[in-house]
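Colleague: Sharing protein_24.csv below, CSV, C-alpha atoms:
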```csv
chain,number,residue,atom,x,y,z
A,1,MET,CA,55.6,74.4,84.6
A,2,ILE,CA,57.1,75.4,87.9
A,3,ASN,CA,60.8,75.0,88.2
A,4,ARG,CA,61.6,76.5,91.6
A,5,ILE,CA,59.9,77.7,94.7
A,6,LEU,CA,61.1,80.5,97.0
A,7,ILE,CA,59.5,80.6,100.5
A,8,LYS,CA,59.8,83.9,102.3
A,9,LYS,CA,61.1,83.8,105.8
A,10,SER,CA,57.8,84.9,107.4
A,11,ALA,CA,56.0,82.0,105.6
A,12,ALA,CA,58.7,79.5,106.6
A,13,ASP,CA,58.3,80.6,110.3
A,14,ILE,CA,54.6,79.9,110.1
A,15,LEU,CA,55.3,76.4,108.6
A,16,VAL,CA,57.6,75.7,111.5
A,17,SER,CA,55.2,77.0,114.2
A,18,GLU,CA,52.2,75.2,112.8
A,19,THR,CA,54.1,71.9,112.4
A,20,LEU,CA,55.3,72.1,116.0
A,21,LYS,CA,51.8,72.7,117.3
A,22,PHE,CA,50.7,69.3,116.1
A,23,LYS,CA,53.8,67.2,116.7
A,24,LYS,CA,52.1,63.8,116.5
A,25,LEU,CA,49.2,64.6,114.2
A,26,GLU,CA,49.0,65.7,110.6
A,27,THR,CA,48.3,69.4,110.0
A,28,GLY,CA,48.5,71.8,107.1
A,29,GLY,CA,47.1,74.8,105.3
A,30,VAL,CA,47.2,76.7,102.1
A,31,LEU,CA,50.0,78.5,100.3
A,32,SER,CA,49.5,82.1,99.1
A,33,GLY,CA,51.8,84.0,96.8
A,34,TYR,CA,52.5,84.8,93.2
A,35,TYR,CA,54.2,83.6,90.0
A,36,GLU,CA,57.5,85.1,88.8
A,37,LYS,CA,58.5,83.6,85.4
A,38,ASP,CA,58.9,79.8,86.0
A,39,PHE,CA,58.9,79.9,89.8
A,40,LEU,CA,56.5,80.5,92.7
A,41,ILE,CA,57.1,83.0,95.5
A,42,ILE,CA,55.3,81.8,98.6
A,43,ASP,CA,54.6,84.9,100.6
A,44,SER,CA,52.3,83.5,103.2
A,45,VAL,CA,50.9,80.2,104.5
A,46,SER,CA,47.9,79.5,106.6
A,47,GLY,CA,47.3,77.2,109.5
A,48,PRO,CA,44.6,74.5,109.4
A,49,GLY,CA,41.7,76.6,110.7
A,50,PRO,CA,39.7,76.0,113.8
A,51,ASN,CA,37.4,73.3,112.3
A,52,ALA,CA,40.2,71.2,110.7
A,53,HIS,CA,40.4,67.5,111.3
A,54,HIS,CA,43.8,66.1,112.5
A,55,GLN,CA,44.8,62.5,112.9
A,56,VAL,CA,48.1,60.6,112.9
A,57,ASP,CA,47.7,59.8,109.2
A,58,GLU,CA,45.1,62.2,107.9
A,59,PHE,CA,44.4,65.9,107.7
A,60,ILE,CA,41.3,67.7,106.4
A,61,ILE,CA,41.6,71.5,106.2
A,62,ASP,CA,38.8,73.8,107.4
A,63,LYS,CA,37.6,74.9,104.0
A,64,GLU,CA,35.7,78.0,105.2
A,65,TYR,CA,38.8,79.2,107.0
A,66,MET,CA,40.9,78.6,103.9
A,67,ASP,CA,38.5,80.7,101.7
A,68,LEU,CA,38.5,83.5,104.2
A,69,TYR,CA,42.3,83.4,104.6
A,70,LEU,CA,42.8,83.5,100.8
A,71,ASP,CA,40.3,86.4,100.4
A,72,GLN,CA,42.2,88.3,103.0
A,73,GLN,CA,45.6,87.6,101.4
A,74,TYR,CA,44.3,88.8,98.1
A,75,ARG,CA,42.9,92.1,99.6
A,76,ASP,CA,46.0,92.8,101.7
A,77,SER,CA,48.3,92.4,98.8
A,78,ASP,CA,46.2,94.4,96.3
A,79,GLY,CA,45.5,91.3,94.3
A,80,GLN,CA,49.1,90.0,94.1
A,81,ASN,CA,48.8,87.0,96.5
A,82,ILE,CA,46.6,84.2,95.3
A,83,TYR,CA,46.1,80.5,96.0
A,84,ILE,CA,49.2,78.7,94.8
A,85,GLY,CA,48.9,75.4,96.6
A,86,GLU,CA,48.7,73.6,99.8
A,87,TRP,CA,50.9,72.1,102.5
A,88,HIS,CA,50.5,69.4,105.1
A,89,THR,CA,52.6,67.2,107.4
A,90,HIS,CA,53.4,63.5,107.4
A,91,PRO,CA,54.6,61.3,110.2
A,92,GLN,CA,57.9,60.7,108.4
A,93,GLU,CA,61.4,62.2,108.6
A,94,ALA,CA,61.8,62.1,104.8
A,95,PRO,CA,58.3,62.8,103.5
A,96,ALA,CA,56.8,61.2,100.4
A,97,PRO,CA,53.3,61.7,99.0
A,98,SER,CA,50.7,59.0,99.7
A,99,GLU,CA,48.4,57.7,96.9
A,100,GLN,CA,45.7,59.9,98.3
A,101,ASP,CA,48.0,62.9,98.1
A,102,LEU,CA,48.8,62.2,94.5
A,103,VAL,CA,45.1,61.9,93.7
A,104,SER,CA,44.4,65.2,95.5
A,105,ILE,CA,47.3,67.0,93.8
A,106,ALA,CA,46.1,65.9,90.3
A,107,GLU,CA,42.5,66.8,91.0
A,108,ARG,CA,43.2,70.3,92.4
A,109,THR,CA,45.7,71.1,89.6
A,110,ILE,CA,43.1,70.2,87.0
A,111,GLU,CA,40.4,72.2,88.8
A,112,TRP,CA,42.6,75.3,89.2
A,113,LYS,CA,42.6,77.3,86.0
A,114,HIS,CA,44.9,80.2,87.0
A,115,GLY,CA,48.4,78.7,86.7
A,116,ALA,CA,50.5,75.9,88.1
A,117,ILE,CA,50.2,75.0,91.8
A,118,ALA,CA,52.5,73.3,94.3
A,119,PHE,CA,51.9,70.9,97.2
A,120,MET,CA,54.4,70.8,100.1
A,121,ILE,CA,54.8,67.9,102.5
A,122,ILE,CA,56.7,68.4,105.7
A,123,GLY,CA,58.0,65.4,107.7
A,124,PHE,CA,57.4,65.9,111.4
A,125,VAL,CA,59.4,63.1,112.9
A,126,GLY,CA,62.3,64.7,114.7
A,127,PHE,CA,61.3,68.1,113.3
A,128,GLU,CA,63.2,71.3,114.2
A,129,LEU,CA,63.5,74.7,112.6
A,130,GLU,CA,67.0,73.9,111.2
A,131,ARG,CA,65.7,70.7,109.5
A,132,LEU,CA,62.8,72.3,107.6
A,133,PRO,CA,64.8,72.3,104.3
A,134,SER,CA,65.8,68.6,104.6
A,135,GLN,CA,62.3,67.5,105.9
A,136,SER,CA,60.2,69.2,103.2
A,137,ILE,CA,59.4,68.4,99.6
A,138,ALA,CA,57.3,70.1,96.9
A,139,ILE,CA,55.3,68.3,94.2
A,140,ALA,CA,53.3,69.5,91.2
A,141,PHE,CA,51.3,67.8,88.6
A,142,HIS,CA,51.8,68.5,84.9
A,143,PRO,CA,48.3,67.9,83.3
A,144,GLY,CA,49.7,67.8,79.7
A,145,LYS,CA,52.2,65.1,80.5
A,146,GLN,CA,50.0,63.4,83.2
A,147,ALA,CA,53.1,63.3,85.4
A,148,PHE,CA,54.1,64.4,88.9
A,149,TYR,CA,57.4,66.1,89.5
A,150,LYS,CA,59.4,67.4,92.5
A,151,ILE,CA,60.2,71.1,92.7
A,152,PRO,CA,63.4,72.5,94.3
A,153,ILE,CA,62.6,74.7,97.3
A,154,LYS,CA,64.7,77.6,98.5
A,155,TYR,CA,64.1,79.1,101.9
A,156,GLU,CA,64.7,82.9,102.3
A,157,ARG,CA,66.9,83.7,105.2
```
Rewrite the structure of this file - the entire thing - as structure tokens.
Modeller:
Amino acid sequence: MINRILIKKSAADILVSETLKFKKLETGGVLSGYYEKDFLIIDSVSGPGPNAHHQVDEFIIDKEYMDLYLDQQYRDSDGQNIYIGEWHTHPQEAPAPSEQDLVSIAERTIEWKHGAIAFMIIGFVGFELERLPSQSIAIAFHPGKQAFYKIPIKYER
């Protein structure tokens, strides 16, 4: 079970720049990093990819881009950085997962056999760099308990 998430500054900067590119549409990407005891270190995040689908209330990642990005992260980190989750935006100031988000979180967690994974949601209404901590949440699914839970996020400065 994941108890905490640390997002490195370079990864947080990408979250902000990608969120600002699509101010009125949902966007997202994958989280890449590693496990350290009971917490995740998010070392890098991707953008959506050139063939992603963006709407006001829906986002579909470019899966081919995601796979290439994760392969590159794995190679560049000598096998340390792996897939540890996904992120996307919502047209809210205080983001909350939709029913579809919860289904996706549970499905991907059950499919992934290499450790716990996290899903971040960033609210893009009134979004600014300084508001990233207050406008983002992380959620995970505990398969054994069949329960969702929020994970505290710390942003590296």
Colleague: One decimal, in Å: what's the spacing between CA of Ser98 (chain A) and CA of Ile122 (chain A)?
Modeller: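 Going from CA of Ser98 (chain A) over to CA of Ile122 (chain A) covers 12.7 Å.
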Colleague: Please determine, counting all atoms listed in the file, which residue among A:Pro91, A:Pro152, A:Gly144, A:Gly79 has the shortest atom-to-atom distance to Gly126 (chain A).
Modeller: A:Pro91
Colleague: Residues near region 134-142 of chain A, anyone? I mean within 10 Å using only C-alpha atoms, not counting same-chain ones fewer than 6 positions away, as number ranges by chain.
Modeller: A: 1-5, 85-90, 92-97, 101-103, 105-110, 116-128, 148-153
Colleague: Would you list the contacts of Val56 (chain A) as number ranges by chain, taking every protein, DNA or RNA residue within 8 Å and counting only C-alpha atoms, but skipping same-chain residues closer than 6 positions in sequence?
Modeller: A: 24-26, 91
Colleague: Give as a VMD selection string every residue, naming chains and numbers as the document does, that has an atom within 10 Å of (61.0, 83.6, 97.7), counting all atoms listed in the file.
Modeller: chain A and resid 4 to 9 11 33 to 34 36 39 to 43 153 to 157
Colleague: Using Å and a single decimal, report how far CA of Tyr35 (chain A) sits from CA of Asp78 (chain A).
Modeller: 14.8 Å
